[in-house]
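Peer 1: Okay, so here is my_file-v6.tsv, and as you'll see once you scroll down, it has TSV, C-alpha atoms.
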```
chain	number	residue	atom	x	y	z
A	70	MET	CA	-25.14	-48.98	-23.17
A	71	ALA	CA	-23.85	-48.55	-19.62
A	72	VAL	CA	-20.47	-47.37	-20.95
A	73	THR	CA	-22.15	-44.65	-23.06
A	74	SER	CA	-24.16	-43.47	-20.06
A	75	ILE	CA	-21.03	-43.24	-17.90
A	76	ARG	CA	-19.17	-41.47	-20.73
A	77	LYS	CA	-21.98	-38.87	-21.08
A	78	LYS	CA	-22.00	-38.28	-17.33
A	79	LEU	CA	-18.21	-37.87	-17.32
A	80	ILE	CA	-18.37	-35.35	-20.18
A	81	ALA	CA	-21.13	-33.43	-18.40
A	82	LEU	CA	-19.18	-33.43	-15.14
A	83	THR	CA	-15.98	-32.31	-16.87
A	84	THR	CA	-17.84	-29.50	-18.64
A	85	MET	CA	-19.42	-28.31	-15.38
A	86	VAL	CA	-16.08	-28.35	-13.55
A	87	SER	CA	-14.41	-26.47	-16.42
A	88	LEU	CA	-17.13	-23.82	-16.40
A	89	ALA	CA	-16.88	-23.47	-12.63
A	90	VAL	CA	-13.11	-22.98	-12.86
A	91	LEU	CA	-13.48	-20.38	-15.64
A	92	ALA	CA	-16.19	-18.54	-13.71
A	93	SER	CA	-14.03	-18.36	-10.59
A	94	GLN	CA	-11.10	-16.71	-12.38
A	95	PRO	CA	-10.71	-13.02	-11.53
A	96	THR	CA	-11.38	-10.54	-14.26
A	97	TYR	CA	-8.94	-7.75	-14.86
A	98	ALA	CA	-10.38	-4.43	-15.87
A	99	ALA	CA	-8.81	-1.02	-15.95
A	100	ILE	CA	-10.32	1.37	-13.46
A	101	GLU	CA	-10.05	5.02	-14.29
A	102	ILE	CA	-9.73	7.26	-11.25
A	103	ASN	CA	-11.29	10.68	-11.40
A	104	GLU	CA	-8.85	12.89	-9.50
A	105	ALA	CA	-11.64	15.32	-8.62
A	106	ASP	CA	-13.30	12.55	-6.56
A	107	PHE	CA	-10.00	11.42	-5.05
A	108	GLY	CA	-8.90	12.74	-1.69
A	109	PRO	CA	-10.32	13.58	1.69
A	110	SER	CA	-13.85	14.82	2.14
A	111	TYR	CA	-15.08	17.43	4.61
A	112	GLU	CA	-16.29	14.70	6.95
A	113	THR	CA	-13.01	12.77	6.99
A	114	MET	CA	-11.04	15.98	7.56
A	115	ALA	CA	-13.30	17.04	10.44
A	116	VAL	CA	-13.16	13.62	12.12
A	117	ASP	CA	-9.39	13.43	11.61
A	118	THR	CA	-8.99	16.88	13.19
A	119	VAL	CA	-11.14	16.15	16.22
A	120	VAL	CA	-10.40	12.44	16.79
A	121	GLY	CA	-7.67	11.08	14.53
A	122	LYS	CA	-4.76	13.47	15.02
A	123	PRO	CA	-5.14	13.71	18.82
A	124	LEU	CA	-5.19	9.90	19.07
A	125	GLN	CA	-2.18	9.67	16.75
A	126	LEU	CA	-0.32	12.14	18.99
A	127	VAL	CA	-1.15	10.06	22.07
A	128	ALA	CA	0.00	6.90	20.24
A	129	ALA	CA	3.25	8.56	19.14
A	130	VAL	CA	4.07	9.78	22.66
A	131	ALA	CA	3.10	6.42	24.21
A	132	GLY	CA	5.13	4.55	21.59
A	133	THR	CA	8.18	6.68	22.29
A	134	ALA	CA	7.81	6.07	26.03
A	135	ALA	CA	7.38	2.33	25.42
A	136	TYR	CA	10.50	2.32	23.24
A	137	ILE	CA	12.55	3.98	25.99
A	138	VAL	CA	11.27	1.49	28.58
A	139	SER	CA	11.86	-1.50	26.28
A	140	LEU	CA	15.26	-0.32	25.02
A	141	PRO	CA	17.37	-2.49	27.36
A	142	PHE	CA	15.35	-5.57	26.36
A	143	SER	CA	15.40	-4.83	22.64
A	144	LEU	CA	19.16	-4.17	22.80
A	145	ALA	CA	19.62	-7.51	24.52
A	146	GLY	CA	17.41	-9.18	21.90
A	147	GLY	CA	19.17	-7.43	19.03
A	148	ASN	CA	16.04	-5.85	17.58
A	149	SER	CA	16.30	-2.25	18.75
A	150	ASP	CA	16.07	-0.99	15.14
A	151	GLN	CA	12.77	-2.83	14.61
A	152	ALA	CA	11.42	-1.56	17.93
A	153	GLN	CA	12.40	2.00	17.05
A	154	GLN	CA	10.73	1.71	13.63
A	155	LYS	CA	7.43	0.35	15.01
A	156	LEU	CA	7.23	2.29	18.28
A	157	VAL	CA	8.75	5.66	17.34
A	158	VAL	CA	9.18	6.28	13.61
A	159	GLU	CA	5.87	4.95	12.26
A	160	PRO	CA	3.60	6.70	14.82
A	161	TRP	CA	5.34	10.05	14.29
A	162	GLU	CA	5.20	9.63	10.50
A	163	ALA	CA	1.45	8.96	10.77
A	164	LEU	CA	1.06	12.44	12.25
A	165	SER	CA	2.53	13.96	9.10
A	166	ARG	CA	-0.08	12.31	6.87
A	167	CYS	CA	-2.36	14.86	5.18
A	168	LEU	CA	-5.52	15.74	7.06
A	169	GLY	CA	-8.31	13.25	6.39
A	170	CYS	CA	-6.22	11.23	3.94
A	171	THR	CA	-5.85	7.49	3.82
A	172	VAL	CA	-2.34	6.09	3.49
A	173	ALA	CA	-2.88	5.60	-0.26
A	174	GLU	CA	-4.10	9.17	-0.75
A	175	ASP	CA	-1.20	10.55	1.26
A	176	ASN	CA	1.30	8.50	-0.76
A	177	TYR	CA	-0.30	9.77	-3.98
A	178	TYR	CA	-0.10	13.43	-2.94
A	179	LYS	CA	3.47	13.06	-1.71
A	180	SER	CA	4.44	11.41	-5.00
A	181	GLN	CA	3.15	14.45	-6.89
A	182	THR	CA	5.56	16.85	-5.19
A	183	VAL	CA	8.58	17.88	-7.21
A	184	ASN	CA	11.85	16.36	-6.05
A	185	ASP	CA	14.96	17.06	-8.08
A	186	ASN	CA	16.55	13.87	-6.75
A	187	VAL	CA	13.87	11.56	-8.13
A	188	ILE	CA	13.48	10.51	-11.74
A	189	ARG	CA	9.92	9.47	-12.59
A	190	ILE	CA	9.28	7.15	-15.53
A	191	VAL	CA	5.59	6.66	-16.29
A	192	VAL	CA	5.11	3.15	-17.59
A	193	ASP	CA	1.34	2.91	-17.93
A	194	GLN	CA	-0.80	5.33	-15.98
A	195	PRO	CA	-1.04	5.05	-12.96
A	196	SER	CA	2.00	2.73	-12.85
A	197	GLU	CA	5.36	4.42	-12.60
A	198	ILE	CA	8.96	3.71	-11.72
A	199	LEU	CA	10.72	6.03	-9.26
A	200	ILE	CA	14.51	6.18	-9.12
A	201	ASN	CA	15.98	8.13	-6.23
A	202	THR	CA	19.19	9.76	-7.41
A	203	ASN	CA	20.40	10.31	-3.85
A	204	ASP	CA	21.52	6.71	-4.07
A	205	GLN	CA	24.47	5.79	-6.18
A	206	VAL	CA	23.04	4.46	-9.44
A	207	ILE	CA	25.48	2.80	-11.82
A	208	VAL	CA	24.34	1.96	-15.35
A	209	THR	CA	26.65	-0.29	-17.30
A	210	PRO	CA	26.16	-0.94	-21.02
A	211	GLN	CA	25.88	-4.55	-22.08
```
Mind turning this structure into structure tokens?
Peer 2:
Amino acid sequence: MAVTSIRKKLIALTTMVSLAVLASQPTYAAIEINEADFGPSYETMAVDTVVGKPLQLVAAVAGTAAYIVSLPFSLAGGNSDQAQQKLVVEPWEALSRCLGCTVAEDNYYKSQTVNDNVIRIVVDQPSEILINTNDQVIVTPQ
């Protein structure tokens, strides 16, 4: 009788653990994006104009100055390319982001521009493969 009681408790415990594991698994659902709702709003554009872009300009100028000051040290450390990327290139590129856009929105809008050097293969909307033909691409048959 004691063995049956332990067996029932073990089955109940195993069932509860299994259900807990199944319930904690993420669900994957397709999310359809309405392009009319996508993009910057009036408020984000206004705040970006008044606050965001001026602060980005200050950060870009300060980053460039910091890069120049740190150049002897980064050359000695062998990471001048990384310092240039983080202190100069990225802050100045942030200034070119569309007004009021997040990084994702800006990447989306820039991906929609026509570039004769890029081949776009749509796999499953919104997934796509971009091949830049400025690079040397060699396709060999198997």
Peer 1: Would you mind listing what lies within 8 Å of stretch 117-128 of chain A as an mmCIF file with C-alpha atoms, in the frame of the given file, with only C-alpha atoms counted and same-chain residues fewer than 2 positions away left out?
Peer 2:
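To be explicit, this is the file written out as result17.cif:
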```
data_model
loop_
_atom_site.group_PDB
_atom_site.id
_atom_site.type_symbol
_atom_site.label_atom_id
_atom_site.label_comp_id
_atom_site.auth_asym_id
_atom_site.auth_seq_id
_atom_site.Cartn_x
_atom_site.Cartn_y
_atom_site.Cartn_z
ATOM 1 C CA THR A 113 -13.010 12.770 6.990
ATOM 2 C CA MET A 114 -11.040 15.980 7.560
ATOM 3 C CA ALA A 115 -13.300 17.040 10.440
ATOM 4 C CA VAL A 130 4.070 9.780 22.660
ATOM 5 C CA ALA A 131 3.100 6.420 24.210
ATOM 6 C CA GLY A 132 5.130 4.550 21.590
ATOM 7 C CA PRO A 160 3.600 6.700 14.820
ATOM 8 C CA TRP A 161 5.340 10.050 14.290
ATOM 9 C CA ALA A 163 1.450 8.960 10.770
ATOM 10 C CA LEU A 164 1.060 12.440 12.250
ATOM 11 C CA LEU A 168 -5.520 15.740 7.060
ATOM 12 C CA GLY A 169 -8.310 13.250 6.390
#
```
Peer 1: Which centre and which edge lengths, in Å to one decimal, describe the axis-aligned box that holds all listed atoms of stretch 154-166 of chain A after 4 Å is added on each side, as lines of an AutoDock Vina configuration file?
Peer 2:
```
center_x = 5.3
center_y = 7.2
center_z = 12.6
size_x = 18.8
size_y = 21.6
size_z = 19.4
```
Peer 1: Have a look at A:Ile137, A:Val183, A:Asn176, A:Glu112 and name the one nearest to A:Ser149; count only C-alpha atoms.
Peer 2: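 Checking each candidate against A:Ser149, we get A:Ile137 as the closest.
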Peer 1: Just the residues within 10 Å of A:Leu140, please, counting all atoms listed in the file, with nothing from its chain fewer than 5 positions along; format it as number ranges by chain.
Peer 2: A: 134-135, 145-146, 148-150, 152-153
Peer 1: Here is a test: counting all atoms listed in the file, which residue of A:Arg76, A:Pro141, A:Ala129, A:Gly108 is nearest to A:Cys167?
Peer 2: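 Ranking A:Arg76, A:Pro141, A:Ala129, A:Gly108 by distance to A:Cys167, first place goes to A:Gly108.
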Peer 1: Which distance in Å separates atom CA of A:Pro109 and atom CA of A:Cys170, to one decimal?
Peer 2: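 Result for atom CA of A:Pro109 versus atom CA of A:Cys170: 5.2 Å, one decimal.
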